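So this block is entry-v9.cif, mmCIF, C-alpha atoms and all ligand atoms:
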data_input
loop_
_atom_site.label_atom_id
_atom_site.label_comp_id
_atom_site.auth_asym_id
_atom_site.auth_seq_id
_atom_site.Cartn_x
_atom_site.Cartn_y
_atom_site.Cartn_z
CA MET A 6 -54.07 10.00 -184.69
CA SER A 7 -55.68 6.69 -185.54
CA LEU A 8 -53.51 3.62 -184.92
CA ARG A 9 -52.81 1.78 -188.17
CA ILE A 10 -53.13 -1.99 -187.75
CA ALA A 11 -52.05 -4.82 -190.04
CA VAL A 12 -53.77 -8.20 -189.72
CA ILE A 13 -51.51 -11.05 -190.83
CA GLY A 14 -53.43 -14.18 -191.82
CA ALA A 15 -56.84 -14.07 -193.49
CA GLY A 16 -58.20 -17.40 -192.28
CA LEU A 17 -60.98 -17.87 -189.70
CA MET A 18 -59.28 -15.96 -186.90
CA GLY A 19 -57.70 -13.29 -189.11
CA ALA A 20 -61.10 -12.53 -190.64
CA ASP A 21 -62.60 -12.25 -187.17
CA HIS A 22 -59.86 -9.95 -185.87
CA ALA A 23 -60.22 -7.78 -188.98
CA LYS A 24 -63.96 -7.51 -188.33
CA ILE A 25 -63.35 -6.44 -184.73
CA VAL A 26 -60.76 -3.82 -185.74
CA ALA A 27 -63.07 -2.46 -188.45
CA ASN A 28 -66.30 -2.43 -186.44
CA ASP A 29 -65.46 -2.31 -182.76
CA LEU A 30 -62.18 -0.45 -182.28
CA PRO A 31 -62.68 3.29 -182.52
CA GLY A 32 -59.19 4.78 -182.71
CA ALA A 33 -57.85 2.05 -185.01
CA THR A 34 -57.58 1.92 -188.80
CA LEU A 35 -57.54 -1.44 -190.56
CA GLN A 36 -54.61 -0.64 -192.82
CA VAL A 37 -53.55 -3.96 -194.39
CA ILE A 38 -54.74 -7.56 -194.61
CA CYS A 39 -51.81 -9.86 -195.37
CA ASP A 40 -52.06 -13.47 -196.50
CA MET A 41 -49.92 -15.70 -198.71
CA ASP A 42 -53.11 -16.14 -200.73
CA THR A 43 -53.83 -12.61 -201.99
CA ASN A 44 -57.37 -13.55 -203.05
CA ARG A 45 -58.15 -14.58 -199.51
CA ALA A 46 -56.66 -11.33 -198.20
CA ARG A 47 -58.73 -9.39 -200.77
CA ALA A 48 -61.94 -11.12 -199.70
CA VAL A 49 -61.38 -10.15 -196.05
CA ALA A 50 -60.35 -6.61 -197.05
CA ASP A 51 -63.50 -6.21 -199.14
CA ALA A 52 -65.67 -7.47 -196.28
CA THR A 53 -64.09 -5.16 -193.70
CA GLY A 54 -63.06 -2.05 -195.65
CA ALA A 55 -59.31 -2.61 -195.06
CA LEU A 56 -57.26 -0.12 -197.05
CA ASP A 57 -54.71 -2.49 -198.60
CA VAL A 58 -53.73 -6.14 -199.12
CA ALA A 59 -50.30 -7.79 -199.13
CA ASN A 60 -48.71 -11.23 -199.13
CA ASP A 61 -45.32 -10.76 -197.40
CA PRO A 62 -45.72 -10.55 -193.61
CA GLN A 63 -42.14 -9.44 -192.89
CA ALA A 64 -42.46 -6.57 -195.38
CA VAL A 65 -45.82 -5.58 -193.85
CA ILE A 66 -44.32 -5.46 -190.34
CA ALA A 67 -41.55 -3.17 -191.63
CA ARG A 68 -43.92 -0.75 -193.40
CA ALA A 69 -43.85 2.84 -192.15
CA ASP A 70 -47.65 3.09 -192.35
CA ILE A 71 -48.09 0.20 -189.87
CA ASP A 72 -48.11 1.02 -186.14
CA ALA A 73 -49.24 -2.32 -184.69
CA VAL A 74 -49.80 -5.88 -185.85
CA ILE A 75 -52.27 -8.69 -185.23
CA VAL A 76 -50.81 -12.12 -186.06
CA ALA A 77 -53.40 -14.77 -186.94
CA SER A 78 -51.42 -16.84 -189.44
CA PRO A 79 -50.63 -20.55 -188.90
CA ASP A 80 -49.22 -21.51 -185.49
CA PHE A 81 -45.64 -22.13 -186.70
CA THR A 82 -45.37 -18.49 -187.88
CA HIS A 83 -46.35 -16.95 -184.53
CA ALA A 84 -42.91 -16.87 -182.89
CA PRO A 85 -40.94 -15.71 -185.98
CA LEU A 86 -43.48 -12.94 -186.69
CA SER A 87 -43.52 -11.87 -183.03
CA LEU A 88 -39.72 -11.65 -183.18
CA ALA A 89 -39.99 -9.50 -186.33
CA CYS A 90 -42.42 -7.16 -184.53
CA ILE A 91 -40.06 -6.87 -181.55
CA ALA A 92 -37.17 -6.07 -183.92
CA ALA A 93 -39.31 -3.43 -185.67
CA GLN A 94 -40.49 -2.11 -182.25
CA LYS A 95 -44.17 -2.62 -183.12
CA PRO A 96 -46.70 -3.91 -180.58
CA VAL A 97 -48.15 -7.26 -181.62
CA MET A 98 -51.29 -9.10 -180.63
CA CYS A 99 -50.29 -12.68 -181.44
CA GLU A 100 -52.87 -15.47 -181.58
CA LYS A 101 -52.22 -18.45 -179.33
CA PRO A 102 -50.02 -20.44 -179.12
CA LEU A 103 -46.91 -18.26 -179.05
CA SER A 104 -45.22 -21.48 -180.14
CA GLN A 105 -45.61 -25.14 -179.39
CA LYS A 106 -41.82 -25.20 -179.01
CA VAL A 107 -40.64 -24.07 -175.59
CA GLU A 108 -37.30 -22.87 -177.02
CA GLU A 109 -39.10 -20.52 -179.43
CA CYS A 110 -41.10 -19.03 -176.55
CA GLU A 111 -37.81 -18.49 -174.72
CA GLN A 112 -36.36 -16.71 -177.77
CA VAL A 113 -39.31 -14.33 -177.86
CA MET A 114 -38.91 -13.59 -174.14
CA GLN A 115 -35.18 -13.02 -174.56
CA ALA A 116 -35.74 -10.62 -177.47
CA GLU A 117 -38.34 -8.69 -175.47
CA ILE A 118 -36.14 -8.51 -172.40
CA ALA A 119 -33.20 -7.33 -174.53
CA SER A 120 -35.37 -4.61 -176.09
CA GLY A 121 -36.22 -3.28 -172.63
CA ARG A 122 -40.03 -3.36 -172.89
CA LYS A 123 -42.97 -5.63 -173.72
CA TRP A 124 -44.22 -5.77 -177.30
CA VAL A 125 -46.12 -9.08 -177.37
CA GLN A 126 -49.68 -9.58 -176.11
CA LEU A 127 -50.88 -13.13 -176.56
CA GLY A 128 -54.38 -14.05 -177.76
CA PHE A 129 -55.52 -16.03 -174.74
CA MET A 130 -58.82 -14.17 -174.87
CA ARG A 131 -60.60 -16.14 -172.15
CA ARG A 132 -59.01 -13.89 -169.52
CA TYR A 133 -61.43 -11.24 -170.84
CA ASP A 134 -64.51 -13.49 -170.69
CA GLN A 135 -66.91 -12.24 -168.02
CA ALA A 136 -67.35 -15.71 -166.45
CA TYR A 137 -63.62 -16.09 -165.75
CA VAL A 138 -63.41 -12.43 -164.65
CA GLU A 139 -66.07 -13.18 -162.02
CA MET A 140 -64.37 -16.42 -160.94
CA ARG A 141 -61.09 -14.59 -160.41
CA ARG A 142 -62.92 -11.90 -158.44
CA ALA A 143 -64.65 -14.52 -156.26
CA LEU A 144 -61.17 -15.55 -155.13
CA THR A 145 -59.51 -12.15 -154.83
CA ASP A 146 -62.39 -10.62 -152.84
CA GLY A 147 -62.64 -13.72 -150.63
CA THR A 148 -66.25 -14.62 -151.56
CA ILE A 149 -65.64 -18.35 -151.93
CA GLY A 150 -62.59 -18.61 -149.67
CA ARG A 151 -59.36 -20.31 -150.66
CA ALA A 152 -59.52 -22.28 -153.95
CA LEU A 153 -59.59 -26.06 -153.67
CA MET A 154 -60.45 -27.36 -157.14
CA MET A 155 -61.34 -26.22 -160.64
CA HIS A 156 -63.36 -28.43 -163.00
CA ASN A 157 -63.19 -27.64 -166.71
CA PHE A 158 -64.89 -28.97 -169.86
CA HIS A 159 -63.87 -27.83 -173.35
CA ARG A 160 -66.00 -29.34 -176.11
CA ASN A 161 -65.95 -28.67 -179.85
CA VAL A 162 -68.53 -29.95 -182.34
CA GLU A 163 -65.81 -31.66 -184.35
CA THR A 164 -62.09 -31.43 -185.09
CA PRO A 165 -60.96 -29.14 -187.92
CA ALA A 166 -58.86 -31.96 -189.44
CA SER A 167 -59.44 -35.72 -189.49
CA ASP A 168 -55.83 -36.39 -188.45
CA PHE A 169 -56.29 -34.51 -185.15
CA THR A 170 -54.73 -36.46 -182.25
CA GLY A 171 -55.02 -36.63 -178.48
CA ALA A 172 -51.66 -34.86 -178.22
CA MET A 173 -53.06 -32.03 -180.38
CA ALA A 174 -56.05 -31.71 -178.04
CA ILE A 175 -53.46 -30.95 -175.35
CA THR A 176 -51.16 -28.71 -177.41
CA ASN A 177 -53.81 -26.89 -179.49
CA SER A 178 -57.08 -26.72 -177.52
CA ALA A 179 -56.17 -27.16 -173.83
CA PRO A 180 -53.70 -24.22 -173.72
CA HIS A 181 -56.78 -21.98 -173.32
CA GLU A 182 -57.52 -23.80 -170.07
CA PHE A 183 -53.86 -23.89 -169.01
CA ASP A 184 -53.66 -20.12 -169.38
CA VAL A 185 -56.97 -19.08 -167.90
CA ILE A 186 -56.71 -21.47 -164.93
CA ARG A 187 -53.23 -20.12 -164.08
CA TYR A 188 -54.76 -16.65 -164.30
CA VAL A 189 -57.88 -17.41 -162.21
CA LEU A 190 -56.01 -19.34 -159.50
CA GLY A 191 -52.98 -17.05 -159.57
CA THR A 192 -50.57 -19.97 -159.35
CA GLU A 193 -48.55 -22.38 -161.50
CA PHE A 194 -49.05 -26.04 -162.33
CA ALA A 195 -46.83 -28.58 -160.57
CA SER A 196 -47.82 -31.84 -162.29
CA ILE A 197 -50.02 -33.23 -165.04
CA SER A 198 -51.42 -36.60 -166.05
CA ALA A 199 -53.58 -37.29 -169.12
CA TRP A 200 -55.84 -40.12 -170.22
CA GLN A 201 -58.20 -41.02 -173.07
CA PRO A 202 -61.28 -43.25 -173.09
CA LYS A 203 -61.78 -45.49 -176.15
CA ARG A 204 -64.10 -44.37 -178.96
CA SER A 205 -65.85 -46.83 -181.24
CA ASP A 206 -64.90 -44.89 -184.40
CA ALA A 207 -61.78 -43.35 -185.94
CA VAL A 208 -62.06 -39.77 -184.66
CA VAL A 209 -60.02 -38.51 -181.75
CA ALA A 210 -61.37 -39.47 -178.32
CA PRO A 211 -61.66 -36.97 -175.46
CA VAL A 212 -58.61 -36.26 -173.35
CA VAL A 213 -58.98 -36.00 -169.59
CA MET A 214 -56.22 -34.30 -167.63
CA VAL A 215 -55.63 -33.97 -163.90
CA LEU A 216 -53.23 -31.28 -162.75
CA GLU A 217 -51.87 -30.30 -159.36
CA THR A 218 -50.94 -26.69 -158.67
CA ALA A 219 -48.01 -25.34 -156.71
CA ASP A 220 -50.55 -24.26 -154.05
CA GLY A 221 -51.99 -27.78 -153.62
CA GLN A 222 -55.16 -27.37 -155.68
CA ILE A 223 -56.50 -30.07 -158.01
CA VAL A 224 -57.64 -29.16 -161.54
CA ASN A 225 -59.32 -31.42 -164.04
CA ILE A 226 -59.74 -30.62 -167.72
CA GLU A 227 -61.76 -32.55 -170.29
CA VAL A 228 -61.07 -31.64 -173.91
CA ASN A 229 -63.55 -33.31 -176.23
CA ASN A 230 -62.90 -32.14 -179.78
CA ASN A 231 -65.68 -34.32 -181.22
CA ALA A 232 -68.52 -33.67 -178.80
CA ALA A 233 -70.95 -33.43 -181.76
CA TYR A 234 -73.69 -31.39 -180.08
CA GLY A 235 -72.22 -27.87 -179.84
CA TYR A 236 -69.38 -25.65 -178.64
CA ASP A 237 -69.57 -26.06 -174.90
CA VAL A 238 -67.09 -24.67 -172.40
CA ARG A 239 -67.81 -25.10 -168.71
CA ALA A 240 -65.90 -24.37 -165.58
CA GLU A 241 -66.55 -24.52 -161.87
CA LEU A 242 -64.24 -23.15 -159.24
CA VAL A 243 -64.67 -24.71 -155.80
CA GLY A 244 -63.44 -22.84 -152.76
CA GLU A 245 -63.43 -23.59 -149.04
CA LYS A 246 -66.54 -21.41 -148.46
CA GLY A 247 -68.48 -21.86 -151.71
CA ALA A 248 -68.30 -22.45 -155.45
CA ILE A 249 -68.77 -20.43 -158.63
CA ALA A 250 -69.75 -21.99 -161.96
CA MET A 251 -69.95 -20.66 -165.50
CA ASN A 252 -73.38 -20.64 -167.17
CA ASN A 253 -73.89 -21.49 -170.81
CA VAL A 254 -74.22 -18.12 -172.55
CA ALA A 255 -77.67 -18.07 -174.14
CA TYR A 256 -79.97 -15.06 -174.46
CA THR A 257 -83.14 -17.11 -174.70
CA ARG A 258 -84.71 -20.37 -173.60
CA THR A 259 -87.40 -22.11 -175.62
CA ASP A 260 -90.18 -23.90 -173.76
CA ILE A 261 -92.27 -26.21 -175.89
CA LYS A 262 -93.87 -29.67 -175.78
CA LEU A 263 -93.17 -30.25 -172.11
CA ALA A 264 -89.48 -29.42 -172.58
CA SER A 265 -87.17 -26.47 -172.14
CA SER A 266 -84.03 -25.78 -174.24
CA THR A 267 -81.25 -23.27 -174.79
CA ALA A 268 -78.90 -23.13 -177.79
CA TYR A 269 -75.15 -23.73 -178.03
CA ASP A 270 -72.77 -21.74 -180.23
CA ALA A 271 -71.27 -23.60 -183.20
CA ASP A 272 -67.74 -22.50 -182.26
CA TRP A 273 -65.65 -20.15 -180.13
CA ARG A 274 -65.90 -17.09 -182.40
CA THR A 275 -69.44 -16.29 -181.34
CA ARG A 276 -69.16 -17.67 -177.78
CA TYR A 277 -66.14 -15.46 -177.10
CA TYR A 278 -66.88 -12.50 -179.37
CA GLU A 279 -67.12 -10.12 -176.43
CA ALA A 280 -63.90 -11.51 -174.91
CA TYR A 281 -62.08 -10.98 -178.22
CA ARG A 282 -63.49 -7.46 -178.44
CA ARG A 283 -62.34 -6.61 -174.91
CA GLN A 284 -58.94 -8.21 -175.52
CA ASN A 285 -58.39 -6.26 -178.74
CA THR A 286 -59.55 -3.04 -177.09
CA ALA A 287 -56.92 -3.66 -174.40
CA PHE A 288 -54.36 -4.27 -177.17
CA LEU A 289 -55.24 -0.98 -178.84
CA LYS A 290 -54.64 0.85 -175.56
CA PHE A 291 -51.36 -1.05 -175.09
CA ALA A 292 -50.24 -0.04 -178.60
CA GLN A 293 -51.19 3.58 -177.92
CA THR A 294 -49.65 3.92 -174.46
CA GLY A 295 -46.94 1.25 -174.22
CA VAL A 296 -48.47 0.12 -170.91
CA PHE A 297 -49.05 -3.65 -170.95
CA PRO A 298 -52.71 -4.57 -170.18
CA GLU A 299 -53.24 -5.55 -166.56
CA ILE A 300 -54.86 -8.92 -167.32
CA GLY A 301 -53.36 -9.58 -170.77
CA SER A 302 -51.29 -12.69 -171.53
CA SER A 303 -47.62 -12.00 -172.14
CA ALA A 304 -44.82 -13.96 -173.80
CA TRP A 305 -44.14 -15.44 -170.34
CA ASP A 306 -47.71 -16.81 -170.26
CA GLY A 307 -47.13 -18.25 -173.74
CA TYR A 308 -44.00 -19.97 -172.44
CA CYS A 309 -45.90 -21.40 -169.43
CA ALA A 310 -48.72 -22.73 -171.65
CA ALA A 311 -46.15 -24.38 -173.95
CA VAL A 312 -44.34 -26.07 -171.04
CA VAL A 313 -47.61 -27.45 -169.59
CA ALA A 314 -48.83 -28.55 -173.04
CA ASN A 315 -45.61 -30.35 -173.93
CA THR A 316 -45.48 -32.06 -170.54
CA GLY A 317 -49.17 -33.03 -170.89
CA ALA A 318 -48.60 -34.55 -174.34
CA ARG A 319 -45.74 -36.61 -172.89
CA ALA A 320 -47.84 -37.67 -169.90
CA LEU A 321 -50.49 -38.93 -172.32
CA THR A 322 -47.98 -41.01 -174.29
CA GLU A 323 -46.23 -42.33 -171.21
CA GLY A 324 -49.46 -42.93 -169.27
CA THR A 325 -48.02 -41.41 -166.13
CA LYS A 326 -48.06 -38.29 -163.99
CA LEU A 327 -45.21 -35.92 -164.85
CA PRO A 328 -43.85 -32.87 -163.01
CA VAL A 329 -44.28 -29.54 -164.80
CA THR A 330 -40.85 -27.94 -164.71
CA MET A 331 -40.54 -24.26 -165.57
CA MET A 332 -37.72 -21.74 -165.37
CA ALA A 333 -37.90 -19.13 -162.62
CA LYS A 334 -40.11 -16.24 -163.75
CA PRO A 335 -37.86 -13.48 -165.12
CA GLU A 336 -38.10 -10.26 -163.09
CA PHE A 337 -39.08 -8.49 -166.34
CA TYR A 338 -42.46 -10.34 -166.34
CA ALA A 339 -43.14 -9.95 -162.61
C1 LIG A 401 -59.23 -24.23 -180.92
O1 LIG A 401 -58.07 -24.94 -181.02
C2 LIG A 401 -58.94 -22.81 -180.66
O2 LIG A 401 -57.85 -22.35 -180.87
C3 LIG A 401 -60.04 -21.96 -180.17
O3 LIG A 401 -59.59 -20.71 -179.79
C4 LIG A 401 -60.75 -22.68 -179.07
O4 LIG A 401 -61.73 -21.91 -178.48
C5 LIG A 401 -61.25 -23.98 -179.58
O5 LIG A 401 -62.14 -24.59 -178.73
C6 LIG A 401 -60.05 -24.83 -179.83
O6 LIG A 401 -60.39 -26.15 -180.11
#
Represent the structure contained in this file as structure tokens.
Amino acid sequence: MSLRIAVIGAGLMGADHAKIVANDLPGATLQVICDMDTNRARAVADATGALDVANDPQAVIARADIDAVIVASPDFTHAPLSLACIAAQKPVMCEKPLSQKVEECEQVMQAEIASGRKWVQLGFMRRYDQAYVEMRRALTDGTIGRALMMHNFHRNVETPASDFTGAMAITNSAPHEFDVIRYVLGTEFASISAWQPKRSDAVVAPVVMVLETADGQIVNIEVNNNAAYGYDVRAELVGEKGAIAMNNVAYTRTDIKLASSTAYDADWRTRYYEAYRRQNTAFLKFAQTGVFPEIGSSAWDGYCAAVVANTGARALTEGTKLPVTMMAKPEFYA
């Protein structure tokens, strides 16, 4: 039987998830699009062939004709809606972040542990991006030897809102790096410091972070939310025997007038389309079998990202290096 999925939130990410469920997930039915703004839900439903629209997320989660849920509503709703899915015993693919509040991440973990099984997969889709998959493999199969350093750039064309701050670069954008670097290196962060250069205008300046891992590696992350020229994510993993770097994903190169150029994506939805598709395919299998995806992000990973992000935001304000202090990993998430 086809798995009936509800998408909660009909904004940019909800519309994208709905498109993936409708076009790229054989075995899934796009049952409901839910948004507080019913017109917005209707527009996404019309574009994707979803069967129904609604505006009350809690009621949608409880519906008997819903088997699994994708949460792509505003960040502050992620933890409460994940908790509702756990209570209703419905698998949920929750967009990142699980919460920016560490205590809310802990509540979700506690509810999952009490229920006896995992229900929450978190939308840190970069784990499914081929470049990071190959970086991880270069470590696990020994190709580049033991990891020493990882360099990371994360550049957006511009911020979604003019009141975006340096702290938000750390709590909203950088969690992608926090999660995927933990995954690639297979370790936890031990400390973080964060700095900003001065810009000549009013928009938020880049944030540069340096992190140490528990295994003695050094990681640097630049988040530049106003890079102006394109969506550009880069990473290079340096090992003791070699290095592996991500290429810009471009199918063509134009050579003209003594110059050569490739194009950048405008944002993450096209750059990571394949990663989202793979992630959601893994979620479908999880919802069908109850077996948590091998490389998927869990509520524990959401907790870790929130701890690093909150510590990083404090390090930026205080202008100092701070230790990243996390609880011991519960056996349940081992
Ligand atoms: C943004 O905050 C996101 O959530 C996207 O997933 C990410 O790829 C983008 O670069 C961030 O700025």
To test the calculation: enclose all listed atoms of range 272-276 of chain A in a box whose edges run along x, y and z, add 8 Å on each side, then state centre and edge lengths in Å to one decimal, as JSON.
{"center_x": -67.5, "center_y": -19.4, "center_z": -180.1, "size_x": 19.8, "size_y": 22.2, "size_z": 20.6}
Legend entry - Contacts of ligand LIG 401 (chain A), 6 Å or closer, only C-alpha atoms and all ligand atoms, given as a PyMOL selection string: chain A and resi 161+177-178+273
Inset, instruction - Point out the residue among A:Lys334, A:His159, A:Arg132, A:Arg151 with the least atom-to-atom distance to Val213 in chain A, counting all atoms listed in the file. - result: A:His159
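Of the residues listed (A:Val208, A:Leu321, A:Leu144, A:Met98), A:Val208 shows the shortest atom-to-atom separation from Phe169 in chain A; distances use only C-alpha atoms.
With distances restricted to all atoms listed in the file, A:Ile38 is the closest residue to Pro62 in chain A from A:Ala27, A:Ile38, A:Ala166, A:Ile149.
What separates CA of Met155 in chain A from CA of Ile249 in chain A is a distance of 9.6 Å.
Of note, CA of Met251 in chain A and CA of Thr192 in chain A are spaced 20.3 Å apart.
Look at His22 in chain A: the protein and nucleic acid residues within 9 Å of it, using only C-alpha atoms and passing over chain neighbours fewer than 4 places away, are Val12, Leu17, Met18, Val26, Ala27, Ile75, Ala77, Tyr281, Arg282 and Asn285 of chain A.
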Inset, instruction - Write out as a ChimeraX atom specification the residues lying within 10 Å of Pro335 in chain A, counting all atoms listed in the file and excluding same-chain residues fewer than 2 positions away. - result: /A:114-115,118,305,332-333,337-339
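Reported to one decimal place, the separation of CA of Ser120 in chain A from CA of Asp61 in chain A is 24.3 Å.
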Inset, instruction - Would you please work out which residue, of A:Val313, A:Ala59, A:Ala15, A:Ala255, is nearest to Gln105 in chain A when using all atoms listed in the file? - result: A:Val313
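For range 63-67 of chain A, the residues within 9 Å (counting all atoms listed in the file, excluding itself and residues fewer than 2 positions away along the chain) are A:Ala11, A:Ile13, A:Val37, A:Cys39, A:Ala59, A:Asn60, A:Asp61, A:Ala69, A:Asp70, A:Ile71, A:Asp72, A:Ala73, A:Val74, A:Leu86, A:Ala89, A:Cys90, A:Ala93, A:Lys95.
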Contacts of Val138 in chain A at 10 Å or less, counting all atoms listed in the file, minus same-chain residues fewer than 4 places along, as a PDB file with C-alpha atoms, in the frame of the given file?
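Saved file result-v2.pdb follows:
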ATOM      1  CA  ARG A 131     -60.600 -16.140-172.150  1.00  0.00           C
ATOM      2  CA  ARG A 132     -59.010 -13.890-169.520  1.00  0.00           C
ATOM      3  CA  TYR A 133     -61.430 -11.240-170.840  1.00  0.00           C
ATOM      4  CA  ASP A 134     -64.510 -13.490-170.690  1.00  0.00           C
ATOM      5  CA  ARG A 142     -62.920 -11.900-158.440  1.00  0.00           C
ATOM      6  CA  ALA A 143     -64.650 -14.520-156.260  1.00  0.00           C
ATOM      7  CA  VAL A 185     -56.970 -19.080-167.900  1.00  0.00           C
ATOM      8  CA  TYR A 188     -54.760 -16.650-164.300  1.00  0.00           C
ATOM      9  CA  VAL A 189     -57.880 -17.410-162.210  1.00  0.00           C
ATOM     10  CA  ILE A 300     -54.860  -8.920-167.320  1.00  0.00           C
TER      11      ILE A 300
END
Inset, instruction - Please work out which residues fall within 12 Å of (-66.3, -5.3, -196.0), coordinates as given in the file, with only C-alpha atoms counting, and return them as JSON, numbers by chain. - result: {"A": [20, 21, 23, 24, 25, 26, 27, 28, 35, 38, 46, 47, 48, 49, 50, 51, 52, 53, 54, 55, 56]}
Legend entry - Counting all atoms listed in the file, the option among A:Gly191, A:Pro31, A:Gly121, A:Gly14 closest to Thr82 in chain A: A:Gly14
Inset, instruction - Mind listing whatever residues come within 10 Å of the point (-59.6, -26.1, -154.0)? Use all atoms listed in the file, file coordinates, and give them as a ChimeraX atom specification. - result: /A:150-155,190,218,220-224,242-245,248
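Summary of the local environment: counting all atoms listed in the file, residues at most 10 Å from Thr330 in chain A, other than itself and those fewer than 4 positions away along its chain, are A:Phe194, A:Ala195, A:Ser196, A:Cys309, A:Val312, A:Val313, A:Thr316.
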